[in-house]
$ cat target.cif   # mmCIF, C-alpha atoms
data_query
#
loop_
_atom_site.label_atom_id
_atom_site.label_comp_id
_atom_site.auth_asym_id
_atom_site.auth_seq_id
_atom_site.Cartn_x
_atom_site.Cartn_y
_atom_site.Cartn_z
CA ALA A 6 15.68 4.28 3.97
CA GLN A 7 14.33 0.78 4.08
CA SER A 8 14.09 -1.49 1.10
CA VAL A 9 11.64 -4.36 0.87
CA THR A 10 12.27 -7.32 -1.40
CA GLN A 11 9.61 -9.77 -2.44
CA LEU A 12 11.63 -12.52 -4.00
CA ASP A 13 8.93 -13.98 -6.23
CA SER A 14 6.95 -11.81 -8.61
CA GLN A 15 4.59 -14.64 -9.54
CA VAL A 16 3.64 -17.77 -7.62
CA PRO A 17 1.34 -20.37 -9.16
CA VAL A 18 0.00 -23.03 -6.79
CA PHE A 19 -2.63 -25.72 -6.99
CA GLU A 20 -5.80 -25.42 -4.95
CA GLU A 21 -5.51 -26.89 -1.42
CA ALA A 22 -1.70 -26.88 -1.61
CA PRO A 23 0.40 -24.85 0.85
CA VAL A 24 2.04 -21.60 -0.18
CA GLU A 25 4.80 -19.33 1.10
CA LEU A 26 5.34 -15.80 -0.17
CA ARG A 27 8.74 -14.46 0.76
CA CYS A 28 9.62 -11.00 2.03
CA ASN A 29 12.95 -9.59 3.17
CA TYR A 30 13.73 -6.08 4.33
CA SER A 31 16.95 -4.19 4.73
CA SER A 32 17.16 -3.35 8.44
CA SER A 33 15.77 -4.93 11.56
CA VAL A 34 16.05 -1.83 13.72
CA SER A 35 12.72 -0.42 14.91
CA VAL A 36 10.26 -1.67 12.31
CA TYR A 37 6.68 -2.75 12.10
CA LEU A 38 5.82 -5.31 9.40
CA PHE A 39 2.67 -5.79 7.36
CA TRP A 40 1.16 -7.93 4.63
CA TYR A 41 -1.57 -6.57 2.40
CA VAL A 42 -3.72 -8.21 -0.27
CA GLN A 43 -5.06 -6.52 -3.38
CA TYR A 44 -7.78 -7.86 -5.65
CA PRO A 45 -8.05 -6.49 -9.21
CA ASN A 46 -8.98 -2.81 -9.42
CA GLN A 47 -9.35 -2.51 -5.67
CA GLY A 48 -7.42 -0.97 -2.82
CA LEU A 49 -5.16 -2.84 -0.43
CA GLN A 50 -6.58 -4.73 2.53
CA LEU A 51 -4.57 -5.59 5.62
CA LEU A 52 -3.93 -9.32 6.05
CA LEU A 53 -1.82 -9.17 9.18
CA LYS A 54 0.76 -7.13 11.04
CA TYR A 55 3.68 -7.58 13.38
CA LEU A 56 4.26 -4.85 15.93
CA SER A 57 5.89 -6.72 18.83
CA GLY A 58 5.60 -9.88 20.90
CA SER A 59 5.18 -13.33 19.39
CA THR A 60 7.04 -13.72 16.13
CA LEU A 61 4.25 -15.82 14.63
CA VAL A 62 1.38 -13.63 13.57
CA LYS A 63 -2.02 -14.90 12.47
CA GLY A 64 -4.17 -12.89 10.10
CA ILE A 65 -7.40 -13.08 8.18
CA ASN A 66 -8.38 -15.77 5.66
CA GLY A 67 -6.12 -18.38 7.29
CA PHE A 68 -2.84 -16.60 6.56
CA GLU A 69 0.05 -16.35 8.99
CA ALA A 70 3.53 -14.85 8.91
CA GLU A 71 6.70 -15.28 10.91
CA PHE A 72 9.01 -12.45 11.86
CA ASN A 73 12.67 -13.48 11.79
CA LYS A 74 14.84 -10.67 13.07
CA SER A 75 18.19 -12.31 12.35
CA GLN A 76 17.26 -12.99 8.74
CA THR A 77 15.26 -9.74 8.37
CA SER A 78 12.41 -11.73 6.88
CA PHE A 79 8.65 -11.77 7.22
CA HIS A 80 7.38 -14.61 5.05
CA LEU A 81 3.66 -15.17 4.54
CA ARG A 82 2.22 -18.68 4.63
CA LYS A 83 -1.06 -20.50 4.20
CA PRO A 84 -1.38 -24.26 4.67
CA SER A 85 -4.13 -24.75 2.08
CA VAL A 86 -5.04 -22.17 -0.55
CA HIS A 87 -8.39 -21.56 -2.20
CA ILE A 88 -9.29 -20.15 -5.59
CA SER A 89 -10.41 -16.97 -3.85
CA ASP A 90 -6.83 -16.38 -2.64
CA THR A 91 -5.80 -15.44 -6.18
CA ALA A 92 -4.62 -11.85 -5.80
CA GLU A 93 -1.59 -9.57 -5.48
CA TYR A 94 0.19 -9.60 -2.12
CA PHE A 95 2.35 -6.80 -0.80
CA CYS A 96 4.82 -6.83 2.04
CA ALA A 97 5.36 -3.50 3.79
CA VAL A 98 7.67 -2.12 6.45
CA SER A 99 7.10 0.89 8.65
CA ASP A 100 10.39 2.41 9.71
CA LEU A 101 10.21 3.75 13.27
CA THR A 102 13.72 5.17 13.29
CA PRO A 103 13.54 8.73 14.66
CA GLY A 104 13.62 11.30 11.91
CA THR A 105 12.22 9.04 9.18
CA GLY A 106 8.63 10.17 9.67
CA ASN A 107 7.51 6.58 10.27
CA GLN A 108 7.43 6.00 6.54
CA PHE A 109 5.93 2.94 4.90
CA TYR A 110 7.99 1.04 2.36
CA PHE A 111 6.36 -1.49 0.03
CA GLY A 112 7.70 -4.43 -1.89
CA THR A 113 6.91 -4.78 -5.58
CA GLY A 114 4.27 -7.41 -4.93
CA THR A 115 3.77 -11.12 -5.53
CA SER A 116 0.99 -12.28 -7.81
CA LEU A 117 -0.51 -15.48 -6.39
CA THR A 118 -2.47 -17.59 -8.82
CA VAL A 119 -4.37 -20.57 -7.47
CA ILE A 120 -4.90 -23.28 -10.08
CA PRO A 121 -8.03 -25.46 -9.84
CA ASP B 5 -19.42 2.76 7.17
CA GLY B 6 -16.06 4.12 8.28
CA GLY B 7 -13.43 4.26 5.66
CA ILE B 8 -11.80 6.08 2.79
CA THR B 9 -13.71 7.15 -0.29
CA GLN B 10 -11.95 7.88 -3.54
CA SER B 11 -13.63 9.35 -6.58
CA PRO B 12 -13.94 8.98 -9.43
CA LYS B 13 -13.22 5.27 -9.81
CA TYR B 14 -12.27 5.70 -13.47
CA LEU B 15 -11.17 8.89 -15.17
CA PHE B 16 -10.11 9.72 -18.69
CA ARG B 17 -8.13 12.81 -19.53
CA LYS B 18 -6.76 14.39 -22.64
CA GLU B 19 -3.10 15.33 -22.72
CA GLY B 20 -2.48 18.80 -21.35
CA GLN B 21 -5.40 18.79 -18.94
CA ASN B 22 -5.20 18.91 -15.17
CA VAL B 23 -7.37 16.49 -13.21
CA THR B 24 -8.19 16.28 -9.51
CA LEU B 25 -8.74 13.01 -7.66
CA SER B 26 -10.82 13.17 -4.51
CA CYS B 27 -10.02 11.40 -1.25
CA GLU B 28 -12.26 11.68 1.82
CA GLN B 29 -11.94 9.80 5.11
CA ASN B 30 -14.20 9.51 8.13
CA LEU B 31 -11.72 7.59 10.26
CA ASN B 32 -10.51 10.73 12.05
CA HIS B 33 -6.90 9.83 11.19
CA ASP B 34 -4.32 12.58 11.11
CA ALA B 35 -2.03 11.24 8.41
CA MET B 36 -3.04 10.80 4.78
CA TYR B 37 -1.09 9.56 1.78
CA TRP B 38 -1.22 9.33 -2.00
CA TYR B 39 0.42 6.44 -3.83
CA ARG B 40 0.82 5.66 -7.48
CA GLN B 41 0.71 2.04 -8.61
CA ASP B 42 2.10 0.78 -11.92
CA PRO B 43 2.35 -2.87 -12.96
CA GLY B 44 5.42 -4.55 -11.51
CA GLN B 45 6.52 -1.47 -9.53
CA GLY B 46 4.56 -1.75 -6.34
CA LEU B 47 3.41 1.45 -4.66
CA ARG B 48 5.31 4.70 -4.92
CA LEU B 49 4.64 7.60 -2.57
CA ILE B 50 3.56 10.86 -4.21
CA TYR B 51 2.67 13.10 -1.25
CA TYR B 52 1.74 12.71 2.37
CA SER B 53 0.25 14.90 5.06
CA GLN B 54 0.56 14.37 8.79
CA ILE B 55 -1.62 17.28 9.89
CA VAL B 56 -4.00 19.81 8.40
CA ASN B 57 -2.37 22.56 6.34
CA ASP B 58 0.88 20.65 6.09
CA PHE B 59 2.11 18.14 3.49
CA GLN B 60 5.39 16.70 2.29
CA LYS B 61 6.68 15.46 -1.05
CA GLY B 62 7.18 11.78 -1.48
CA ASP B 63 9.44 9.98 -3.94
CA ILE B 64 7.62 10.98 -7.13
CA ALA B 65 5.98 14.35 -6.43
CA GLU B 66 6.91 16.04 -9.72
CA GLY B 67 3.82 16.86 -11.77
CA TYR B 68 1.45 16.47 -8.83
CA SER B 69 0.00 18.84 -6.23
CA VAL B 70 -2.09 18.38 -3.08
CA SER B 71 -3.89 20.36 -0.42
CA ARG B 72 -4.97 19.55 3.12
CA GLU B 73 -7.45 22.20 4.19
CA LYS B 74 -9.56 19.79 6.21
CA LYS B 75 -8.62 16.74 8.25
CA GLU B 76 -10.96 14.49 6.30
CA SER B 77 -9.95 15.57 2.79
CA PHE B 78 -6.73 15.19 0.80
CA PRO B 79 -7.28 15.82 -2.94
CA LEU B 80 -4.58 15.11 -5.51
CA THR B 81 -4.19 17.13 -8.70
CA VAL B 82 -2.41 15.53 -11.61
CA THR B 83 -1.07 18.40 -13.65
CA SER B 84 -0.12 18.62 -17.29
CA ALA B 85 3.51 18.59 -16.15
CA GLN B 86 3.21 14.90 -15.22
CA LYS B 87 4.73 13.16 -18.22
CA ASN B 88 3.17 9.75 -17.79
CA PRO B 89 0.05 10.08 -15.66
CA THR B 90 -1.75 6.90 -16.71
CA ALA B 91 -1.78 4.79 -13.53
CA PHE B 92 -3.81 3.52 -10.60
CA TYR B 93 -3.86 6.01 -7.72
CA LEU B 94 -4.41 4.98 -4.12
CA CYS B 95 -5.23 7.18 -1.15
CA ALA B 96 -4.56 5.98 2.38
CA ALA B 97 -4.87 7.14 5.96
CA ARG B 98 -2.95 6.07 8.99
CA ALA B 99 -3.93 5.44 12.58
CA GLY B 100 -2.03 5.06 15.80
CA LEU B 101 -0.08 7.21 18.16
CA ALA B 102 2.53 9.14 16.23
CA ASN B 103 1.25 7.47 13.09
CA THR B 104 2.57 4.06 14.00
CA GLY B 105 -0.46 2.05 12.91
CA GLU B 106 -1.31 0.42 9.65
CA LEU B 107 -2.43 2.17 6.49
CA PHE B 108 -6.09 2.04 5.50
CA PHE B 109 -6.65 2.31 1.75
CA GLY B 110 -9.39 3.58 -0.48
CA GLU B 111 -10.60 1.62 -3.50
CA GLY B 112 -8.40 3.55 -5.89
CA SER B 113 -8.84 5.74 -8.97
CA ARG B 114 -7.69 4.63 -12.39
CA LEU B 115 -6.56 7.51 -14.59
CA THR B 116 -6.10 7.02 -18.30
CA VAL B 117 -4.67 9.69 -20.55
CA LEU B 118 -6.00 9.52 -24.08
#
$ encode --input "target.cif" --output "structure tokens"
Amino acid sequence: AQSVTQLDSQVPVFEEAPVELRCNYSSSVSVYLFWYVQYPNQGLQLLLKYLSGSTLVKGINGFEAEFNKSQTSFHLRKPSVHISDTAEYFCAVSDLTPGTGNQFYFGTGTSLTVIP
Amino acid sequence: DGGITQSPKYLFRKEGQNVTLSCEQNLNHDAMYWYRQDPGQGLRLIYYSQIVNDFQKGDIAEGYSVSREKKESFPLTVTSAQKNPTAFYLCAARAGLANTGELFFGEGSRLTVL
């Protein structure tokens, strides 16, 4: 089974500053990668996904992520954050290894707080 | 609008009572999932179903039960055997050939045991 590690549980950042939320996973064999955002008392919304092709993926709300196969990482970045970006962010991996049922594995989340 | 509808949004239960959380989708997706979310623990898989009339246990199935009689519906029952049921519950559905797409989530149901 995969494991997904989000290295920072909480990230405070000033408004208009850049931010990077880190995500590492355990195996680079046959995976799809995702970042989701969750606002308080709501479900998860997809920010972006990597399935194949270019390793730099652009998503909604100005976020982007880079897939690094050798480092088994999929870090999320935004060059300038806004107050409205304050939320919980989850990294997820879909394991495509035959026999695993294409299961999703989630990290424990990173709480991003944007400071005015 | 297409999507996943969970109800109720908030639910209170006395100890010893069973409660059923509803999840309905109009996305025509085959696979559906139930997750439990607790602070600092991310999402943990309770049950999932890849086709009608079939479902599989996830990592924390004890004290829960599900059914999948219709493609669009996947209700979750939290039974009295679940020792610590207070949590936020999320239902999801999955698209793509052989379920290789992303998960689409409902808005969640918050269960509190009094």
$ closest_residue --input "target.cif" --among "B:Leu107, B:Ala65, B:Ala85, B:Met36" --to "Leu51 of chain A" --atoms "all atoms listed in the file"
B:Leu107
$ interface_residues --input "target.cif" --of "chain B" --to "chain A" --cutoff "7 Å" --atoms "only C-alpha atoms" --output "list in words"
Gly44, Gln45, Gly46, Leu47, Leu94, Asn103, Thr104, Phe109, Gly110, Glu111 and Gly112 of chain B
$ resolve_selection --input "target.cif" --expression "the PyMOL selection byres ((chain B and resi 71) around 10)" --output "PyMOL selection string"
chain B and resi 51-53+56-59+69-70+72-74+77-81
$ resolve_selection --input "target.cif" --expression "the PyMOL selection byres ((chain B and resi 13) around 10)" --output "PDB file with C-alpha atoms, in the coordinates of the input"
ATOM      1  CA  ASN A  46      -8.980  -2.810  -9.420  1.00  0.00           C
ATOM      2  CA  GLN A  47      -9.350  -2.510  -5.670  1.00  0.00           C
TER       3      GLN A  47
ATOM      4  CA  THR B   9     -13.710   7.150  -0.290  1.00  0.00           C
ATOM      5  CA  GLN B  10     -11.950   7.880  -3.540  1.00  0.00           C
ATOM      6  CA  SER B  11     -13.630   9.350  -6.580  1.00  0.00           C
ATOM      7  CA  PRO B  12     -13.940   8.980  -9.430  1.00  0.00           C
ATOM      8  CA  TYR B  14     -12.270   5.700 -13.470  1.00  0.00           C
ATOM      9  CA  LEU B  15     -11.170   8.890 -15.170  1.00  0.00           C
ATOM     10  CA  LEU B  25      -8.740  13.010  -7.660  1.00  0.00           C
ATOM     11  CA  SER B  26     -10.820  13.170  -4.510  1.00  0.00           C
ATOM     12  CA  PHE B  92      -3.810   3.520 -10.600  1.00  0.00           C
ATOM     13  CA  TYR B  93      -3.860   6.010  -7.720  1.00  0.00           C
ATOM     14  CA  GLU B 111     -10.600   1.620  -3.500  1.00  0.00           C
ATOM     15  CA  GLY B 112      -8.400   3.550  -5.890  1.00  0.00           C
ATOM     16  CA  SER B 113      -8.840   5.740  -8.970  1.00  0.00           C
ATOM     17  CA  ARG B 114      -7.690   4.630 -12.390  1.00  0.00           C
ATOM     18  CA  LEU B 115      -6.560   7.510 -14.590  1.00  0.00           C
TER      19      LEU B 115
END
$ atom_distance --input "target.cif" --atom1 "atom CA of Gly105 of chain B" --atom2 "atom CA of Arg82 of chain A"
22.5 Å
$ atom_distance --input "target.cif" --atom1 "atom CA of Val62 of chain A" --atom2 "atom CA of Gly7 of chain B"
24.5 Å
$ residues_near_point --input "target.cif" --point "(7.1, -16.7, 1.2)" --cutoff "9 Å" --atoms "all atoms listed in the file" --output "PyMOL selection string"
chain A and resi 11-13+24-28+70+79-82
$ atom_distance --input "target.cif" --atom1 "atom CA of Asn66 of chain A" --atom2 "atom CA of Ile88 of chain A"
12.1 Å
$ closest_residue --input "target.cif" --among "A:Ser8, A:Val18, A:Phe68, A:Pro103" --to "Val42 of chain A" --atoms "all atoms listed in the file"
A:Phe68
$ closest_residue --input "target.cif" --among "A:Ser85, A:Thr91, A:Ser31, A:Ser57" --to "Phe72 of chain A" --atoms "all atoms listed in the file"
A:Ser57
$ residues_near_point --input "target.cif" --point "(-10.1, 6.9, -23.1)" --cutoff "8 Å" --atoms "all atoms listed in the file" --output "ChimeraX atom specification"
/B:16-17,116-118
$ residues_around --input "target.cif" --residues "Ile55 of chain B" --least-positions-apart "6" --cutoff "8 Å" --atoms "only C-alpha atoms" --output "PDB file with C-alpha atoms, keeping the file's coordinate frame"
ATOM      1  CA  ASP B  34      -4.320  12.580  11.110  1.00  0.00           C
ATOM      2  CA  ALA B  35      -2.030  11.240   8.410  1.00  0.00           C
ATOM      3  CA  ARG B  72      -4.970  19.550   3.120  1.00  0.00           C
ATOM      4  CA  LYS B  75      -8.620  16.740   8.250  1.00  0.00           C
TER       5      LYS B  75
END
$ resolve_selection --input "target.cif" --expression "the PyMOL selection byres ((chain A and resi 74) around 9)" --output "list in words"
Ser32, Ser33, Val34, Thr60, Phe72, Asn73, Ser75, Gln76, Thr77, Ser78 and Phe79 of chain A
$ write_last_selection --input "target.cif" --atoms "C-alpha atoms" --output "PDB file, in the coordinates of the input"
ATOM      1  CA  SER A  32      17.160  -3.350   8.440  1.00  0.00           C
ATOM      2  CA  SER A  33      15.770  -4.930  11.560  1.00  0.00           C
ATOM      3  CA  VAL A  34      16.050  -1.830  13.720  1.00  0.00           C
ATOM      4  CA  THR A  60       7.040 -13.720  16.130  1.00  0.00           C
ATOM      5  CA  PHE A  72       9.010 -12.450  11.860  1.00  0.00           C
ATOM      6  CA  ASN A  73      12.670 -13.480  11.790  1.00  0.00           C
ATOM      7  CA  SER A  75      18.190 -12.310  12.350  1.00  0.00           C
ATOM      8  CA  GLN A  76      17.260 -12.990   8.740  1.00  0.00           C
ATOM      9  CA  THR A  77      15.260  -9.740   8.370  1.00  0.00           C
ATOM     10  CA  SER A  78      12.410 -11.730   6.880  1.00  0.00           C
ATOM     11  CA  PHE A  79       8.650 -11.770   7.220  1.00  0.00           C
TER      12      PHE A  79
END
$ closest_residue --input "target.cif" --among "A:Leu61, A:Thr10, A:Val16, A:Leu117" --to "Tyr30 of chain A" --atoms "only C-alpha atoms"
A:Thr10
$ build_atoms --input "target.cif" --residues "segment 67-78 of chain B" --atoms "all heavy atoms" --output "short mmCIF file (atom, residue, chain, number, x, y, z; two decimals), keeping the file's coordinate frame"
data_model
loop_
_atom_site.label_atom_id
_atom_site.label_comp_id
_atom_site.auth_asym_id
_atom_site.auth_seq_id
_atom_site.Cartn_x
_atom_site.Cartn_y
_atom_site.Cartn_z
N GLY B 67 5.00 16.93 -10.92
CA GLY B 67 3.82 16.86 -11.77
C GLY B 67 2.53 16.66 -11.00
O GLY B 67 1.47 16.53 -11.60
N TYR B 68 2.62 16.64 -9.69
CA TYR B 68 1.45 16.47 -8.83
C TYR B 68 1.38 17.62 -7.82
O TYR B 68 2.38 18.22 -7.48
CB TYR B 68 1.52 15.16 -8.05
CG TYR B 68 1.57 13.92 -8.89
CD1 TYR B 68 2.79 13.30 -9.19
CD2 TYR B 68 0.41 13.34 -9.39
CE1 TYR B 68 2.85 12.16 -9.96
CE2 TYR B 68 0.46 12.19 -10.15
CZ TYR B 68 1.68 11.60 -10.43
OH TYR B 68 1.73 10.46 -11.20
N SER B 69 0.17 17.89 -7.33
CA SER B 69 0.00 18.84 -6.23
C SER B 69 -1.13 18.36 -5.33
O SER B 69 -2.01 17.60 -5.76
CB SER B 69 -0.30 20.25 -6.75
OG SER B 69 -1.55 20.29 -7.40
N VAL B 70 -1.07 18.77 -4.06
CA VAL B 70 -2.09 18.38 -3.08
C VAL B 70 -2.45 19.57 -2.21
O VAL B 70 -1.78 20.61 -2.22
CB VAL B 70 -1.59 17.24 -2.16
CG1 VAL B 70 -1.39 15.95 -2.94
CG2 VAL B 70 -0.32 17.65 -1.42
N SER B 71 -3.52 19.41 -1.46
CA SER B 71 -3.89 20.36 -0.42
C SER B 71 -4.46 19.60 0.75
O SER B 71 -4.93 18.46 0.59
CB SER B 71 -4.91 21.38 -0.95
OG SER B 71 -6.12 20.73 -1.31
N ARG B 72 -4.40 20.19 1.92
CA ARG B 72 -4.97 19.55 3.12
C ARG B 72 -5.60 20.65 3.97
O ARG B 72 -5.12 21.04 5.02
CB ARG B 72 -3.89 18.82 3.90
CG ARG B 72 -4.45 18.01 5.06
CD ARG B 72 -4.91 16.66 4.66
NE ARG B 72 -5.60 15.92 5.70
CZ ARG B 72 -4.99 15.20 6.66
NH1 ARG B 72 -3.67 15.17 6.71
NH2 ARG B 72 -5.72 14.54 7.54
N GLU B 73 -6.73 21.13 3.49
CA GLU B 73 -7.45 22.20 4.19
C GLU B 73 -8.34 21.68 5.30
O GLU B 73 -8.69 22.41 6.23
CB GLU B 73 -8.26 23.01 3.18
CG GLU B 73 -7.39 23.71 2.13
CD GLU B 73 -8.21 24.44 1.09
OE1 GLU B 73 -9.46 24.41 1.19
OE2 GLU B 73 -7.61 25.03 0.18
N LYS B 74 -8.73 20.42 5.20
CA LYS B 74 -9.56 19.79 6.21
C LYS B 74 -8.97 18.45 6.58
O LYS B 74 -8.35 17.79 5.73
CB LYS B 74 -10.99 19.60 5.69
CG LYS B 74 -11.72 20.86 5.32
CD LYS B 74 -13.14 20.56 4.91
CE LYS B 74 -13.21 19.70 3.67
NZ LYS B 74 -14.62 19.46 3.23
N LYS B 75 -9.19 18.01 7.79
CA LYS B 75 -8.62 16.74 8.25
C LYS B 75 -9.12 15.58 7.40
O LYS B 75 -8.39 14.64 7.13
CB LYS B 75 -8.99 16.53 9.71
CG LYS B 75 -8.34 15.31 10.35
CD LYS B 75 -8.67 15.24 11.83
CE LYS B 75 -7.93 14.08 12.50
NZ LYS B 75 -8.22 14.04 13.96
N GLU B 76 -10.37 15.64 6.98
CA GLU B 76 -10.96 14.49 6.30
C GLU B 76 -10.71 14.46 4.80
O GLU B 76 -11.08 13.51 4.13
CB GLU B 76 -12.47 14.45 6.56
CG GLU B 76 -13.21 15.69 6.13
CD GLU B 76 -13.33 16.72 7.24
OE1 GLU B 76 -12.46 16.73 8.14
OE2 GLU B 76 -14.27 17.53 7.18
N SER B 77 -10.07 15.48 4.23
CA SER B 77 -9.95 15.57 2.79
C SER B 77 -8.51 15.80 2.34
O SER B 77 -7.81 16.65 2.90
CB SER B 77 -10.84 16.72 2.28
OG SER B 77 -10.76 16.85 0.89
N PHE B 78 -8.10 15.08 1.29
CA PHE B 78 -6.73 15.19 0.80
C PHE B 78 -6.75 15.00 -0.72
O PHE B 78 -6.32 13.97 -1.24
CB PHE B 78 -5.85 14.15 1.49
CG PHE B 78 -4.37 14.32 1.28
CD1 PHE B 78 -3.75 15.57 1.31
CD2 PHE B 78 -3.55 13.21 1.09
CE1 PHE B 78 -2.38 15.70 1.14
CE2 PHE B 78 -2.18 13.34 0.93
CZ PHE B 78 -1.60 14.58 0.95
#
